[in-house]
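To start, the structure itself, in structure tokens.
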Protein chains: 4
Amino acid sequence: LSETYFAPRVTLDDFEAAALTALPKSAFEYLAGGSGYDVTLRRNRSAFDNVEILPRILTDVSSLTTKVFFFGREHRFPVLMAPTAFHRLFHLNGEAETIRGVNQTGTTLVASSFSTTSFEDMQAASTRPLWFQVYVHPDRGFTRELVERVVAAGAEAICVTVDLPTNAARDREARAGFEVPPGMSRVNLERLSANAAHALHSSENGLYNSVRAANVTWSDIEKLRSYLRIPLLLKGVLRAQDAITAQKVGCEGVIVSNHGGRALDGVPATFRVLPEIADHVGDTLVVMCDGGIRRGTDVLKALASGAQAVFIGRPYLYGLAVDGASGVTRVIEILYAEFAMAMGLSGCASIAEINATLLLKRY
Amino acid sequence: LSETYFAPRVTLDDFEAAALTALPKSAFEYLAGGSGYDVTLRRNRSAFDNVEILPRILTDVSSLTTKVFFFGREHRFPVLMAPTAFHRLFHLNGEAETIRGVNQTGTTLVASSFSTTSFEDMQAASTRPLWFQVYVHPDRGFTRELVERVVAAGAEAICVTVDLPTNAARDREARAGFEVPPGMSRVNLERLSANAAHALHSSENGLYNSVRAANVTWSDIEKLRSYLRIPLLLKGVLRAQDAITAQKVGCEGVIVSNHGGRALDGVPATFRVLPEIADHVGDTLVVMCDGGIRRGTDVLKALASGAQAVFIGRPYLYGLAVDGASGVTRVIEILYAEFAMAMGLSGCASIAEINATLLLKRY
Amino acid sequence: LSETYFAPRVTLDDFEAAALTALPKSAFEYLAGGSGYDVTLRRNRSAFDNVEILPRILTDVSSLTTKVFFFGREHRFPVLMAPTAFHRLFHLNGEAETIRGVNQTGTTLVASSFSTTSFEDMQAASTRPLWFQVYVHPDRGFTRELVERVVAAGAEAICVTVDLPTNAARDREARAGFEVPPGMSRVNLERLSANAAHALHSSENGLYNSVRAANVTWSDIEKLRSYLRIPLLLKGVLRAQDAITAQKVGCEGVIVSNHGGRALDGVPATFRVLPEIADHVGDTLVVMCDGGIRRGTDVLKALASGAQAVFIGRPYLYGLAVDGASGVTRVIEILYAEFAMAMGLSGCASIAEINATLLLKRY
Amino acid sequence: LSETYFAPRVTLDDFEAAALTALPKSAFEYLAGGSGYDVTLRRNRSAFDNVEILPRILTDVSSLTTKVFFFGREHRFPVLMAPTAFHRLFHLNGEAETIRGVNQTGTTLVASSFSTTSFEDMQAASTRPLWFQVYVHPDRGFTRELVERVVAAGAEAICVTVDLPTNAARDREARAGFEVPPGMSRVNLERLSANAAHALHSSENGLYNSVRAANVTWSDIEKLRSYLRIPLLLKGVLRAQDAITAQKVGCEGVIVSNHGGRALDGVPATFRVLPEIADHVGDTLVVMCDGGIRRGTDVLKALASGAQAVFIGRPYLYGLAVDGASGVTRVIEILYAEFAMAMGLSGCASIAEINATLLLKRY
């Protein structure tokens, strides 16, 4: 095993480097890659470089707290685990292993509808209520059935993903010849029509995906909102106007997201459009953000720009791939420690003190 | 044969990489190179990075169509094959092979006046009407004779190239010692005076080219327009004022072009000047654009900036060099698939929905 | 020994290159590294590239002088040695060797409270009065005791560091496994409670540092000012408003500093924020600046932007590591010679002639 | 001999690459290097990238002429050979060989006062009148004597260099251990006091140079102007205000120059400041420019920005080093051909048509 593999893992990126060794190439490419030339994927990270932090000095940070409150519950710190598919690609135990790692950290995982473990089993293993991510499926009845199932199982909030109406140009997957291995199925979707459930790869070369509907509109969101008894977040918002509409149709929150750079390559970094969206709906909606968060200072910048919380996706999967539940825990704890230091060194003793006056645009 | 050669060809650029292996160095350099230090060549591509796409969400794209209509005919999607010279440099069958590939795709090829196959033979092999590109030759009578010949043979439109009044600094050709091989001639020009027809390389070290006139003015364009019975497009426009004049002298269209970075190195990327030109003449002329188009999102950005269609040149020749007609077809179909995904993922169900509100300038 | 090691050392950076060879990796990483990804560390240097110098021609510089006056004394040129910890990491003789080198140059060293030699011994070895850097310790009584001790020993000014209320993400130290070697202690802090004095590394993985207080506020600075009989400079100022407050609580000067990029990664380069701070308090406070100064032109730019003097830190330690006292002297003399040339070539015969009209923003 | 050495030399930069092989390292470093980190040296070139050329189409360029008129004489094209020292470093025959090469091209050489051949011998070998570059020496009487000598020998214009009142940080020379070889002397300065004539290197480590005065002021320029019977150009102007003063004291021209990046590193690129200077004095003075000119498009951009002519320095010396007089000729003819093509392709049939409307700022 190479020296790099055993080098101390100090940052979240070290887990990506280790995962490159730990995973088969095709699984790594599926996980690490974005779409197209990864332009948006890279910009999600580089956008954070466009602002600098101007610390407040000589404030008392000796009782610093990272605690934050939303959707009726206190969270240890404003970072959640984004919904990600097919954890069994990265660890034999799949989502069960992830949850063991997350359980140690006091953070919340958003279960993906494309998990290789049923939501019910995931929730049973979790010490905290999970959130659930869902697509609007061509079969709207199934969509409702699925959502009601996860609510019954204890889901705390629903994130409906709206940024993938057609397929995307997943170049790195194509080059690596990635396919979901036989026997690894999206168990939550089993009751979906057999045709649709098996159609993921048969339709990959085409425009449409048999599992995700291409004709989803705002009226679908209104309908979802009408029968749902828990908070609904719209995931995949990049325009302020869409966030305003989300609020009008009754959503409790929006997630500023470009699907981690995996949908349309060439869309803006989430951090680039976050401030305008937060300016428009920050008072009435819970605004969250994902994409490119790797350091505590990224979290601080996103919060100072109007997000109430952020998500990480790939990093905890790199942890999972490299070291199972311990890796997941370690990734989250590194980010926690960095965020606390970023708060302290910028003179913020509580989340409420993090605001736009901390930021300076680069010239 | 190297692994790279057989790696899956997922994007248009993969065909360039494969062509590097497939072609003699001098032919590759002639094809891939621009002029000078390739500054404009590179900027043609990088200019697309200056805008980002802001998708519209929750629009119904389940009946997406890429069809577009101009010059009296419907086109499958808004991409044409730019005029390019000497196809026999890239395949033994030359233009005949190209046409076989294009025929499979429902797209339109612009035949170059510098082809190694006569326009008549090219049109006979083509399942759709070709367009024809022409220079104003020192012998204006020959120019008219040539244009009337191709119209008689079925040409659908004429593109007159105006951006090469003198020779250009083709450094990469010079370094590679490129010369058109003996026996490969520009058959369309055979009736041009013998002196001129053979003078291409004898005059390459000088300022003037014996085949292309250096004293072409707007009155030549007016004259051409006066005797021509099919649409005339001015190719090589970079200034809005010139597009306005083109409209005044009766042109039906302009092609925003810098000759693929092969004329004067240091001129702007076409995508950089396209919006201003489209703003000025987009309502009265068909505005088209070439230069650096390699991905579906490039096509989308050009259309959103005011182009009605775009051209690709080098990519289909890379396809020709690598895999003959099949390569040509594959290049076009990849671009088609990417463009359809770009439309769907940005929420556009038809070409008419693609406009400037999709774009965001990068900061 | 490699050729590089013996290559002529022409610039301050050559000493960094040589130190990489001369020092154990962990000591080099401790010295050269910043925090996080070294973003601020690098920007401290690159920020100087954002302005250009517009020389004045045909001025008489035949009697050029670099002399400058502040805090009651003339200085040979406006560069001081920044406070840096643990010199015994870089040379067996530690601070004593540094002082031998500085003594040759007519410049002033700021002794670090984290030195491996007591301030009293350092001052005794120095031919000029030293300045002293201090943190506000959790034990405020000890802080006062320490400050009064160094004043009694002859300190000329006190710099109180305020940019490290919590620990920072010292990634490079963590990767290199850096620890202060056994037997190398911060002797100035010996009278601090035993628990605190030994706690540096035991608490490195946590948020707080037992030696540096996390609850330091402006009232601590007021108190320090109230019992101190020599000039007090606030070190770690990045906001104009904080400089104004520093003046209000009685400080004589501010040092625009981000701890050499070692505190919060992602804060602005000092040269980026210097002009605004100097504009606000330059008339009433001594404004100084550290961070990224490596060339004579950097000194000139900082002075033209409103600093009365600048500090170098790492460079003289590279000199110390590479060649002991001679190395320290050589580093300072190279910078002196470069600064004199920069003055002459920009047409400045005295420090007073260096002002903002010399600078041109880059576009 | 390496393949690179014999590769076709297509551009001026190819001669630099060849000179790297042809010259001893120390001579190459002396020639190719700037000062400091070569920042200004590189910016002299990159500044040309900040504007693009917007060609005029459909203009008649069939009778294109590059001829230009200034100081009472027609020049073949607006490029002169900048004054450069010590040609014997680059060719055994020194300046005599250079002149043989220049004679073939119809261009004008500015003889350096630091030549290894006397001005009289250089002028005798030249088929056209030379210009002469001079410093104001500490011995003002010698300065006058020298200037009157060269005027008597036939000099057509005098360029007085004002951007080097003190020495500069010639890092690359220092690293390479460059010294002028024994027996290679500045023969024009022989009558200067022996002390000064031999002092070049003895004083290199210090601030002042015994040959170039540090107390030169505008009154020296006025005095020079008062006794000089030929045009006087001030070389080393970077500020518009200095150009205005130059005009007031009677200079006929200014050369926007930063000494090829060899004086103060960190000053602006000449092309960056040229437009403002030309705007202020272009109507009353001959404005010329040197620095970073390597391509025909650079010449065109400089003229479009207000220069009446430009200079090249290093390139013809690379030609000299690589291939003697033939190399010098070839370098100049490549630039001539490129410039003619740049004019033609941008639609300019004469120098008068080159103006700012050709240029487009990059965004």
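Labels for the structure tokens follow display order: chains A, B, ..., residues from 1 in each chain, ligands from 1.
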Long-range neighbours of region 231-240 of chain A as a PyMOL selection string, 8 Å cut-off, only C-alpha atoms, 6 positions minimum in chain
(chain A and resi 71+156-163+225+246+251-259+268+270+273-274+276-278+280-281) or (chain B and resi 54-57)
Output C-alpha atoms of each residue in that selection to a file, as a PDB file, in the first residue's frame.
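Below is the file that was written, part28.pdb:
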```
ATOM      1  CA  PHE A  71     -37.690  22.558  11.535  1.00  0.00           C
ATOM      2  CA  GLU A 156     -38.658  14.420   9.384  1.00  0.00           C
ATOM      3  CA  ALA A 157     -38.627  16.308   6.100  1.00  0.00           C
ATOM      4  CA  ILE A 158     -38.883  15.659   2.375  1.00  0.00           C
ATOM      5  CA  CYS A 159     -36.488  17.049  -0.248  1.00  0.00           C
ATOM      6  CA  VAL A 160     -37.896  16.840  -3.744  1.00  0.00           C
ATOM      7  CA  THR A 161     -35.205  17.000  -6.429  1.00  0.00           C
ATOM      8  CA  VAL A 162     -36.151  19.029  -9.496  1.00  0.00           C
ATOM      9  CA  ASP A 163     -32.918  19.528 -11.436  1.00  0.00           C
ATOM     10  CA  ARG A 225     -47.391  19.769  -0.558  1.00  0.00           C
ATOM     11  CA  ALA A 246     -41.475  27.598  -4.062  1.00  0.00           C
ATOM     12  CA  CYS A 251     -42.606  24.759   0.460  1.00  0.00           C
ATOM     13  CA  GLU A 252     -40.932  25.250   3.812  1.00  0.00           C
ATOM     14  CA  GLY A 253     -37.455  25.438   2.359  1.00  0.00           C
ATOM     15  CA  VAL A 254     -35.249  25.493  -0.714  1.00  0.00           C
ATOM     16  CA  ILE A 255     -31.919  23.804  -1.264  1.00  0.00           C
ATOM     17  CA  VAL A 256     -29.680  25.825  -3.544  1.00  0.00           C
ATOM     18  CA  SER A 257     -28.135  22.966  -5.469  1.00  0.00           C
ATOM     19  CA  ASN A 258     -26.850  21.957  -8.868  1.00  0.00           C
ATOM     20  CA  HIS A 259     -26.859  18.276  -8.000  1.00  0.00           C
ATOM     21  CA  PRO A 268     -23.383  28.444 -11.816  1.00  0.00           C
ATOM     22  CA  THR A 270     -24.330  27.270  -5.829  1.00  0.00           C
ATOM     23  CA  VAL A 273     -26.283  32.336  -6.667  1.00  0.00           C
ATOM     24  CA  LEU A 274     -26.965  31.718  -2.960  1.00  0.00           C
ATOM     25  CA  GLU A 276     -29.497  36.582  -4.215  1.00  0.00           C
ATOM     26  CA  ILE A 277     -31.806  33.707  -3.350  1.00  0.00           C
ATOM     27  CA  ALA A 278     -31.311  34.230   0.392  1.00  0.00           C
ATOM     28  CA  HIS A 280     -35.348  37.184  -1.613  1.00  0.00           C
ATOM     29  CA  VAL A 281     -36.683  34.347   0.534  1.00  0.00           C
TER      30      VAL A 281
ATOM     31  CA  LEU B  54     -29.361  29.335 -15.322  1.00  0.00           C
ATOM     32  CA  PRO B  55     -31.832  26.482 -15.816  1.00  0.00           C
ATOM     33  CA  ARG B  56     -35.570  26.928 -15.629  1.00  0.00           C
ATOM     34  CA  ILE B  57     -37.003  24.280 -13.325  1.00  0.00           C
TER      35      ILE B  57
END
```
Interface residues on chain C facing chain D, 6 Å, only C-alpha atoms, written as a count of residues only:
11
Which of region 44-241 of chain D DSSP labels helix (DSSP H, G or I), written as a PyMOL selection string:
chain D and resi 44-50+87-89+95-103+119-125+140-152+171-176+187-189+194-197+218-227+240-241
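Of note, CA of Leu23 (chain D) and CA of Trp131 (chain D) are spaced 27.3 Å apart.
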Return the single residue from D:Leu317, D:Val51, D:Leu41, D:Met184 that is closest to Ala19 (chain D), with distances computed using only C-alpha atoms.
D:Leu317
Which distance in Å separates CA of Thr284 (chain B) and CA of Phe69 (chain B), to one decimal?
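If I compute the distance from CA of Thr284 (chain B) to CA of Phe69 (chain B), I get 15.0 Å.
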Report the residues of region 86-207 of chain D whose backbone DSSP state falls under strand (DSSP E or B), written as a PyMOL selection string.
chain D and resi 109-111+131-134+158-161
Write out as a PyMOL selection string which residues come within 10 Å of Gly292 (chain D) when counting only C-alpha atoms, dropping same-chain ones fewer than 2 positions away.
chain D and resi 40-48+260-261+269-271+289-290+294-295+298-299+311-315
Deliver the residues from the most recent selection as a file, using N, CA, C and O atoms, as a tab-separated table (two decimals), in the first residue's frame.
```tsv
chain	number	residue	atom	x	y	z
D	40	THR	N	7.82	42.49	-14.81
D	40	THR	CA	7.58	43.50	-15.85
D	40	THR	C	7.94	42.95	-17.22
D	40	THR	O	7.24	43.18	-18.21
D	41	LEU	N	9.04	42.20	-17.28
D	41	LEU	CA	9.43	41.57	-18.54
D	41	LEU	C	8.28	40.75	-19.12
D	41	LEU	O	7.94	40.88	-20.30
D	42	ARG	N	7.67	39.93	-18.29
D	42	ARG	CA	6.55	39.10	-18.79
D	42	ARG	C	5.33	39.94	-19.11
D	42	ARG	O	4.63	39.69	-20.08
D	43	ARG	N	5.07	40.95	-18.28
D	43	ARG	CA	3.88	41.78	-18.53
D	43	ARG	C	4.02	42.58	-19.81
D	43	ARG	O	3.03	42.89	-20.46
D	44	ASN	N	5.24	42.95	-20.16
D	44	ASN	CA	5.42	43.65	-21.44
D	44	ASN	C	4.79	42.84	-22.56
D	44	ASN	O	4.20	43.40	-23.49
D	45	ARG	N	4.90	41.54	-22.47
D	45	ARG	CA	4.29	40.71	-23.52
D	45	ARG	C	2.81	40.47	-23.26
D	45	ARG	O	1.99	40.60	-24.15
D	46	SER	N	2.47	40.11	-22.04
D	46	SER	CA	1.07	39.72	-21.80
D	46	SER	C	0.12	40.89	-21.94
D	46	SER	O	-1.07	40.70	-22.21
D	47	ALA	N	0.64	42.10	-21.78
D	47	ALA	CA	-0.24	43.27	-21.90
D	47	ALA	C	-0.90	43.34	-23.27
D	47	ALA	O	-2.03	43.82	-23.40
D	48	PHE	N	-0.21	42.85	-24.29
D	48	PHE	CA	-0.80	42.88	-25.63
D	48	PHE	C	-2.04	41.98	-25.72
D	48	PHE	O	-2.88	42.17	-26.60
D	260	GLY	N	13.02	47.41	-21.22
D	260	GLY	CA	12.83	46.00	-21.50
D	260	GLY	C	12.67	45.16	-20.24
D	260	GLY	O	13.07	43.99	-20.20
D	261	GLY	N	12.09	45.77	-19.21
D	261	GLY	CA	11.92	45.04	-17.95
D	261	GLY	C	13.21	44.85	-17.18
D	261	GLY	O	13.27	44.04	-16.26
D	269	ALA	N	3.66	47.37	-17.79
D	269	ALA	CA	3.98	47.09	-19.18
D	269	ALA	C	3.87	48.38	-19.98
D	269	ALA	O	3.01	49.21	-19.71
D	270	THR	N	4.74	48.54	-20.95
D	270	THR	CA	4.70	49.77	-21.75
D	270	THR	C	3.37	49.88	-22.50
D	270	THR	O	2.80	50.96	-22.61
D	271	PHE	N	2.85	48.77	-22.98
D	271	PHE	CA	1.60	48.82	-23.74
D	271	PHE	C	0.43	49.20	-22.84
D	271	PHE	O	-0.59	49.69	-23.32
D	289	CYS	N	7.51	53.29	-28.72
D	289	CYS	CA	7.27	52.35	-27.65
D	289	CYS	C	8.16	51.13	-27.85
D	289	CYS	O	8.34	50.67	-28.99
D	290	ASP	N	8.71	50.60	-26.78
D	290	ASP	CA	9.38	49.31	-26.88
D	290	ASP	C	8.87	48.40	-25.77
D	290	ASP	O	8.08	48.81	-24.93
D	294	ARG	N	6.81	41.10	-30.28
D	294	ARG	CA	7.34	39.87	-30.86
D	294	ARG	C	6.59	39.43	-32.12
D	294	ARG	O	7.07	38.58	-32.86
D	295	ARG	N	5.39	39.99	-32.35
D	295	ARG	CA	4.58	39.56	-33.48
D	295	ARG	C	4.09	40.78	-34.25
D	295	ARG	O	3.96	41.87	-33.68
D	298	ASP	N	1.46	42.64	-32.52
D	298	ASP	CA	1.89	43.55	-31.44
D	298	ASP	C	2.18	44.94	-32.01
D	298	ASP	O	1.82	45.95	-31.42
D	299	VAL	N	2.85	44.96	-33.16
D	299	VAL	CA	3.15	46.25	-33.81
D	299	VAL	C	1.85	46.96	-34.14
D	299	VAL	O	1.67	48.15	-33.86
D	311	PHE	N	10.05	49.57	-31.21
D	311	PHE	CA	11.42	49.03	-31.23
D	311	PHE	C	11.40	47.55	-30.84
D	311	PHE	O	10.60	47.15	-29.99
D	312	ILE	N	12.29	46.79	-31.43
D	312	ILE	CA	12.61	45.48	-30.88
D	312	ILE	C	14.07	45.49	-30.46
D	312	ILE	O	14.91	46.15	-31.08
D	313	GLY	N	14.37	44.77	-29.37
D	313	GLY	CA	15.74	44.71	-28.88
D	313	GLY	C	16.24	43.28	-28.87
D	313	GLY	O	16.94	42.84	-29.78
D	314	ARG	N	15.83	42.52	-27.86
D	314	ARG	CA	16.32	41.15	-27.73
D	314	ARG	C	16.18	40.35	-29.03
D	314	ARG	O	17.10	39.61	-29.39
D	315	PRO	N	15.05	40.43	-29.75
D	315	PRO	CA	14.89	39.53	-30.90
D	315	PRO	C	16.01	39.62	-31.92
D	315	PRO	O	16.50	38.59	-32.41
```
Near-Asp139 (chain A) list (8 Å; only C-alpha atoms; drop same-chain fewer than 3 positions) as a PDB file with all heavy atoms, in the first residue's frame:
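Everything below was put into out.pdb:
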```pdb
ATOM      1  N   PHE A 142     -47.369   6.175  -7.391  1.00  0.00           N
ATOM      2  CA  PHE A 142     -46.260   5.564  -6.667  1.00  0.00           C
ATOM      3  C   PHE A 142     -45.502   6.612  -5.852  1.00  0.00           C
ATOM      4  O   PHE A 142     -45.060   6.355  -4.731  1.00  0.00           O
ATOM      5  CB  PHE A 142     -45.300   4.847  -7.624  1.00  0.00           C
ATOM      6  CG  PHE A 142     -44.083   4.340  -6.924  1.00  0.00           C
ATOM      7  CD1 PHE A 142     -44.128   3.134  -6.214  1.00  0.00           C
ATOM      8  CD2 PHE A 142     -42.896   5.076  -6.909  1.00  0.00           C
ATOM      9  CE1 PHE A 142     -43.013   2.680  -5.524  1.00  0.00           C
ATOM     10  CE2 PHE A 142     -41.785   4.622  -6.227  1.00  0.00           C
ATOM     11  CZ  PHE A 142     -41.836   3.414  -5.542  1.00  0.00           C
ATOM     12  N   THR A 143     -45.306   7.796  -6.456  1.00  0.00           N
ATOM     13  CA  THR A 143     -44.590   8.862  -5.755  1.00  0.00           C
ATOM     14  C   THR A 143     -45.272   9.140  -4.414  1.00  0.00           C
ATOM     15  O   THR A 143     -44.621   9.223  -3.359  1.00  0.00           O
ATOM     16  CB  THR A 143     -44.569  10.145  -6.613  1.00  0.00           C
ATOM     17  OG1 THR A 143     -44.090   9.826  -7.913  1.00  0.00           O
ATOM     18  CG2 THR A 143     -43.703  11.220  -5.982  1.00  0.00           C
ATOM     19  N   LEU A 192     -42.412   0.243  -7.772  1.00  0.00           N
ATOM     20  CA  LEU A 192     -42.614   0.973  -9.032  1.00  0.00           C
ATOM     21  C   LEU A 192     -42.737  -0.061 -10.144  1.00  0.00           C
ATOM     22  O   LEU A 192     -42.246  -1.178 -10.032  1.00  0.00           O
ATOM     23  CB  LEU A 192     -41.415   1.906  -9.273  1.00  0.00           C
ATOM     24  CG  LEU A 192     -41.506   3.001 -10.334  1.00  0.00           C
ATOM     25  CD1 LEU A 192     -42.690   3.948 -10.091  1.00  0.00           C
ATOM     26  CD2 LEU A 192     -40.216   3.800 -10.380  1.00  0.00           C
TER      27      LEU A 192
END
```
Contacts of Ala325 (chain D) at 12 Å (only C-alpha atoms; same-chain gap of 6+ positions) as a PyMOL selection string:
chain D and resi 87+90-105+316-319+331-332
Gap from CA of Ala356 (chain A) to CA of Ser305 (chain A) - Å, one decimal
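So the answer is 5.8 Å.
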